[in-house]
$ cat model-v5.txt   # compact mmCIF, C-alpha atoms and all ligand atoms
# COMPACT_ATOMS: atom_id res chain seq x y z
CA MET A 1 13.90 -9.45 -11.10
CA ILE A 2 10.84 -8.18 -9.26
CA GLU A 3 7.57 -9.37 -10.80
CA ILE A 4 4.18 -7.94 -9.94
CA LYS A 5 1.40 -10.50 -10.06
CA LYS A 6 -2.30 -9.73 -9.69
CA VAL A 7 -3.99 -11.65 -6.87
CA ILE A 8 -6.84 -13.56 -8.49
CA SER A 9 -7.17 -17.18 -7.39
CA GLU A 10 -8.02 -18.57 -3.96
CA GLN A 11 -4.44 -19.78 -3.77
CA ASP A 12 -3.10 -16.26 -4.49
CA ILE A 13 -5.38 -14.89 -1.76
CA ALA A 14 -4.23 -17.55 0.73
CA GLN A 15 -0.57 -16.71 -0.02
CA THR A 16 -1.22 -12.97 0.39
CA ALA A 17 -2.97 -13.55 3.72
CA GLU A 18 -0.01 -15.66 4.88
CA LEU A 19 2.42 -12.90 3.92
CA ALA A 20 0.23 -10.28 5.63
CA ARG A 21 0.24 -12.29 8.85
CA GLU A 22 4.03 -12.60 8.82
CA ILE A 23 4.69 -8.91 8.06
CA TRP A 24 1.99 -7.41 10.28
CA THR A 25 2.87 -9.57 13.31
CA ASP A 26 6.50 -8.58 13.07
CA HIS A 27 6.02 -4.90 12.18
CA PHE A 28 2.92 -3.81 14.08
CA THR A 29 3.17 -5.70 17.38
CA PRO A 30 5.63 -3.12 18.82
CA ILE A 31 3.44 -0.25 17.51
CA ILE A 32 -0.14 -1.31 18.38
CA GLY A 33 0.25 -4.50 20.45
CA SER A 34 -0.52 -8.12 19.65
CA ALA A 35 -4.26 -8.03 20.50
CA GLN A 36 -4.93 -5.27 17.97
CA VAL A 37 -2.68 -6.92 15.35
CA GLU A 38 -4.62 -10.18 15.70
CA TYR A 39 -7.96 -8.35 15.54
CA MET A 40 -6.94 -6.37 12.44
CA LEU A 41 -5.50 -9.42 10.66
CA GLU A 42 -8.77 -11.28 11.14
CA LYS A 43 -10.92 -8.27 10.19
CA PHE A 44 -8.93 -6.96 7.22
CA GLN A 45 -6.35 -9.52 6.08
CA SER A 46 -7.88 -12.98 6.44
CA PRO A 47 -8.50 -14.82 3.15
CA ASP A 48 -12.26 -14.21 3.53
CA ALA A 49 -11.77 -10.50 4.20
CA MET A 50 -9.46 -10.13 1.20
CA ALA A 51 -11.87 -12.00 -1.08
CA ARG A 52 -14.69 -9.67 0.03
CA GLN A 53 -12.50 -6.60 -0.58
CA ILE A 54 -11.59 -7.86 -4.07
CA SER A 55 -15.30 -8.37 -4.89
CA GLY A 56 -15.89 -4.79 -3.71
CA GLY A 57 -13.24 -3.22 -5.99
CA TYR A 58 -9.90 -3.66 -4.20
CA GLU A 59 -7.04 -4.81 -6.41
CA TYR A 60 -4.32 -6.85 -4.73
CA PHE A 61 -0.88 -7.56 -6.19
CA LEU A 62 2.01 -9.72 -5.01
CA ALA A 63 5.66 -8.76 -5.50
CA VAL A 64 7.54 -11.92 -6.44
CA VAL A 65 11.33 -12.28 -6.50
CA ASP A 66 12.90 -15.57 -7.64
CA GLY A 67 9.55 -17.30 -7.28
CA LYS A 68 9.07 -16.09 -3.67
CA ASN A 69 6.36 -13.72 -2.49
CA VAL A 70 8.19 -10.83 -0.82
CA GLY A 71 5.59 -8.08 -0.63
CA TYR A 72 2.10 -7.01 -1.56
CA LEU A 73 0.07 -4.01 -2.58
CA ALA A 74 -3.67 -3.26 -2.40
CA LEU A 75 -5.14 -0.46 -4.50
CA VAL A 76 -8.57 1.13 -4.47
CA PRO A 77 -9.14 3.35 -7.51
CA ASP A 78 -11.87 5.97 -7.30
CA ALA A 79 -12.62 7.39 -10.74
CA ALA A 80 -15.27 9.77 -9.34
CA VAL A 81 -12.58 11.81 -7.56
CA ALA A 82 -9.71 10.84 -9.91
CA SER A 83 -7.73 9.39 -7.06
CA LEU A 84 -6.15 6.10 -5.99
CA MET A 85 -5.91 4.83 -2.43
CA ILE A 86 -2.97 2.64 -1.54
CA SER A 87 -4.73 0.52 1.03
CA LYS A 88 -1.73 -1.75 1.68
CA ILE A 89 1.96 -1.66 0.77
CA TYR A 90 4.14 -4.15 2.60
CA VAL A 91 7.49 -5.76 2.02
CA LYS A 92 8.97 -8.63 4.04
CA LYS A 93 11.54 -7.49 6.56
CA ASP A 94 14.49 -9.40 5.06
CA THR A 95 13.76 -7.93 1.60
CA ARG A 96 13.38 -4.25 2.55
CA GLY A 97 15.81 -1.71 1.18
CA GLN A 98 16.18 -3.54 -2.16
CA GLY A 99 13.73 -1.50 -4.22
CA VAL A 100 10.63 -3.71 -3.94
CA GLY A 101 8.62 -0.91 -2.26
CA HIS A 102 9.83 1.52 -4.93
CA LYS A 103 8.69 -0.86 -7.67
CA LEU A 104 5.26 -1.33 -6.01
CA LEU A 105 4.83 2.44 -5.70
CA ASN A 106 5.85 2.96 -9.33
CA PHE A 107 3.32 0.32 -10.30
CA ALA A 108 0.61 2.26 -8.40
CA ILE A 109 1.69 5.43 -10.24
CA SER A 110 1.45 3.62 -13.58
CA VAL A 111 -2.10 2.50 -12.68
CA CYS A 112 -2.94 6.16 -12.05
CA ARG A 113 -1.49 7.20 -15.41
CA GLU A 114 -3.43 4.49 -17.28
CA ARG A 115 -6.70 5.38 -15.61
CA HIS A 116 -6.30 9.17 -15.57
CA LEU A 117 -6.17 9.42 -11.78
CA ASN A 118 -4.18 12.39 -10.54
CA SER A 119 -3.44 11.70 -6.91
CA ILE A 120 -2.55 8.87 -4.56
CA TRP A 121 -3.45 8.79 -0.88
CA LEU A 122 -2.95 6.45 2.01
CA THR A 123 -3.15 6.30 5.77
CA VAL A 124 -0.22 5.44 7.99
CA ASN A 125 -0.04 4.90 11.74
CA LYS A 126 1.32 8.02 13.44
CA HIS A 127 4.06 5.95 15.13
CA ASN A 128 5.18 4.14 11.95
CA ALA A 129 8.10 6.56 11.65
CA ASP A 130 10.29 4.76 9.09
CA SER A 131 7.39 4.32 6.67
CA ILE A 132 6.29 7.97 7.11
CA ALA A 133 9.86 9.06 6.27
CA TRP A 134 9.84 6.73 3.23
CA TYR A 135 6.55 8.20 1.97
CA GLU A 136 7.93 11.71 2.41
CA ARG A 137 10.99 10.79 0.35
CA LYS A 138 8.62 9.51 -2.32
CA GLY A 139 6.78 12.84 -2.50
CA PHE A 140 3.83 12.26 -0.15
CA GLU A 141 2.70 15.10 2.09
CA ASN A 142 0.93 14.89 5.40
CA ALA A 143 -2.57 16.17 4.62
CA ASP A 144 -4.64 15.32 7.70
CA THR A 145 -5.04 13.13 10.73
CA MET A 146 -7.56 10.27 10.72
CA VAL A 147 -8.79 8.48 13.82
CA GLN A 148 -11.03 5.52 12.98
CA ASP A 149 -12.92 3.32 15.42
CA ILE A 150 -12.48 -0.24 14.14
CA GLY A 151 -14.49 -1.95 16.89
CA ASN A 152 -13.60 -4.07 19.94
CA GLY A 153 -12.22 -0.97 21.67
CA PHE A 154 -9.49 -0.46 19.03
CA ILE A 155 -8.78 2.64 16.98
CA MET A 156 -6.55 3.38 14.03
CA ASP A 157 -4.66 6.58 14.79
CA ASP A 158 -3.28 7.64 11.43
CA TYR A 159 -1.97 10.41 9.26
CA LYS A 160 -3.49 10.79 5.82
CA MET A 161 -0.73 11.34 3.26
CA VAL A 162 -1.25 12.47 -0.32
CA LYS A 163 0.95 12.54 -3.42
CA SER A 164 -0.19 14.64 -6.35
CA LEU A 165 0.72 13.44 -9.81
CA GLY A 166 1.23 16.32 -12.16
CA PRO A 167 0.96 15.88 -15.89
CA ARG A 168 3.69 13.64 -17.28
CA LYS A 169 6.89 15.49 -18.11
CA ALA A 170 7.02 13.98 -21.59
CA ARG A 171 3.54 15.29 -22.25
CA ARG A 172 4.52 18.82 -21.16
CA GLU A 173 7.60 18.66 -23.32
CA ALA A 174 5.50 17.51 -26.26
CA SER A 175 3.23 20.56 -26.02
CA PRO A 176 4.01 23.28 -28.57
CA PRO A 177 5.49 26.46 -27.12
CA ILE A 178 3.02 29.30 -26.57
CA GLU A 179 3.87 32.16 -28.90
C1 LIG B 1 7.73 1.08 3.56
C2 LIG B 1 8.11 -0.13 2.73
C3 LIG B 1 6.88 -0.65 1.98
C4 LIG B 1 9.19 0.27 1.72
O1 LIG B 1 9.58 -0.90 0.99
P1 LIG B 1 11.13 -1.21 0.64
O2 LIG B 1 11.14 -2.37 -0.26
O3 LIG B 1 11.92 -1.28 1.88
O4 LIG B 1 11.44 0.12 -0.16
P2 LIG B 1 12.72 0.50 -1.02
O5 LIG B 1 13.73 -0.60 -0.99
O6 LIG B 1 12.21 0.95 -2.34
O7 LIG B 1 13.22 1.77 -0.24
C5 LIG B 1 13.74 1.66 1.07
C6 LIG B 1 14.58 2.86 1.43
O8 LIG B 1 15.26 2.65 2.67
C7 LIG B 1 16.64 2.37 2.44
N1 LIG B 1 17.04 1.13 3.15
C8 LIG B 1 18.25 0.62 3.13
N2 LIG B 1 18.29 -0.49 3.86
C9 LIG B 1 17.06 -0.70 4.34
C10 LIG B 1 16.49 -1.74 5.14
N3 LIG B 1 17.20 -2.75 5.60
N4 LIG B 1 15.17 -1.67 5.44
C11 LIG B 1 14.44 -0.66 4.96
N5 LIG B 1 14.93 0.34 4.20
C12 LIG B 1 16.25 0.33 3.88
C13 LIG B 1 16.74 2.21 0.97
O9 LIG B 1 18.02 2.67 0.55
C14 LIG B 1 15.65 3.11 0.43
O10 LIG B 1 15.98 4.48 0.49
P3 LIG B 1 15.22 5.58 -0.43
O11 LIG B 1 13.81 5.68 0.03
O12 LIG B 1 15.99 6.84 -0.20
O13 LIG B 1 15.31 5.06 -1.84
C15 LIG B 1 8.71 -1.28 3.61
O14 LIG B 1 9.83 -0.79 4.26
C16 LIG B 1 7.75 -1.90 4.59
O15 LIG B 1 7.03 -2.84 4.27
N6 LIG B 1 7.75 -1.39 5.84
C17 LIG B 1 7.03 -1.98 6.93
C18 LIG B 1 5.56 -2.06 6.73
C19 LIG B 1 4.90 -0.73 6.59
O16 LIG B 1 4.95 0.08 7.49
N7 LIG B 1 4.23 -0.50 5.45
C20 LIG B 1 3.52 0.72 5.21
C21 LIG B 1 2.24 0.70 5.95
S1 LIG B 1 1.33 2.21 5.78

$ encode --input "model-v5.txt" --output "structure tokens"
Amino acid sequence: MIEIKKVISEQDIAQTAELAREIWTDHFTPIIGSAQVEYMLEKFQSPDAMARQISGGYEYFLAVVDGKNVGYLALVPDAAVASLMISKIYVKKDTRGQGVGHKLLNFAISVCRERHLNSIWLTVNKHNADSIAWYERKGFENADTMVQDIGNGFIMDDYKMVKSLGPRKARREASPPIE
């Protein structure tokens, strides 16, 4: 069974940072090179960076299977524009293709439903082809390009992808017919 556990304690944060280092080093080194991976891990995914993000409104969650951390998710809800950013969604290489990503995405959708947010957006590196294809299969559309200067001569060269969440089917079905 896949459990989703909110990252709260220092120990949770340390475990998430460890998982981030493993996944990012493996997945992003061929895409952006090891110097940028190291820089981004330190800037965005160190325990200190994660703790600061959580204080600023990020919500991190671990996916746990049989007591092992196999993936993580970071969400940034923005009630002012009724939208949710998926800041991070990562699954360990040896656990991909088993529905953990699907479960994490469904969890993000359920957060939107609970908080009356009607779209989800994220950014994805333009060369991260498998993940782009996965997002498209999950109903995300390419909405824009985003190039962000992250310092030290590095940029993030991304697509912005958006998934709109219509009203829940059950709710539509529950509405009385217009006569
Ligand atoms: C994108 C990602 C989060 C999806 O997580 P996941 O747990 O693999 O997702 P799922 O198991 O729900 O879906 C994987 C899909 O690929 C298929 N698949 C089969 N074997 C697979 C494998 N070995 N690896 C990956 N996908 C596989 C699955 O059948 C499934 O197909 P579907 O989308 O038609 O349902 C995960 O692959 C990942 O962490 N990728 C690398 C990091 C990354 O780029 N993250 C996004 C950054 S923006």

$ residues_near_ligand --input "model-v5.txt" --ligand "ligand LIG 1 (chain B)" --cutoff "10 Å" --atoms "only C-alpha atoms and all ligand atoms" --output "MDAnalysis selection string"
chainID A and resid 20 23:24 26:28 63 70:73 86:106 122:138 158:161

$ atom_distance --input "model-v5.txt" --atom1 "CA of Asp149 in chain A" --atom2 "CA of Lys43 in chain A"
12.9 Å

$ atom_distance --input "model-v5.txt" --atom1 "CA of Lys68 in chain A" --atom2 "CA of Ile2 in chain A"
9.8 Å

$ closest_residue --input "model-v5.txt" --among "A:Ala49, A:Ile32, A:Met40, A:Ala74" --to "Asn152 in chain A" --atoms "all atoms listed in the file"
A:Met40

$ atom_distance --input "model-v5.txt" --atom1 "CA of Ile155 in chain A" --atom2 "CA of Glu22 in chain A"
21.5 Å

$ closest_residue --input "model-v5.txt" --among "A:Thr25, A:Ser83, A:Gln148, A:Thr16" --to "Ile120 in chain A" --atoms "all atoms listed in the file"
A:Ser83

$ closest_atom_pairs --input "model-v5.txt" --of "range 45-135 of chain A" --to "range 162-168 of chain A" --cutoff "6 Å" --atoms "all atoms listed in the file" --output "JSON lines"
{"residue": "A:Asn118", "atom": "CA", "partner": "A:Leu165", "partner_atom": "CA", "distance": 5.1}
{"residue": "A:Ser119", "atom": "CA", "partner": "A:Ser164", "partner_atom": "CA", "distance": 4.4}
{"residue": "A:Ile120", "atom": "CA", "partner": "A:Lys163", "partner_atom": "CA", "distance": 5.2}
{"residue": "A:Trp121", "atom": "CA", "partner": "A:Val162", "partner_atom": "CA", "distance": 4.3}

$ closest_residue --input "model-v5.txt" --among "A:Ser34, A:Ser9, A:Asn142, A:Ser110" --to "Ala51 in chain A" --atoms "all atoms listed in the file"
A:Ser9

$ closest_residue --input "model-v5.txt" --among "A:Glu141, A:Glu114, A:Asp12, A:Asp157" --to "Phe61 in chain A" --atoms "only C-alpha atoms"
A:Asp12

$ residues_around --input "model-v5.txt" --residues "Arg115 in chain A" --least-positions-apart "2" --cutoff "12 Å" --atoms "all atoms listed in the file" --output "PyMOL selection string"
chain A and resi 77-84+108-113+117-119

$ residues_around --input "model-v5.txt" --residues "Arg52 in chain A" --least-positions-apart "6" --cutoff "12 Å" --atoms "only C-alpha atoms" --output "PyMOL selection string"
chain A and resi 10+13+43-46+58-60
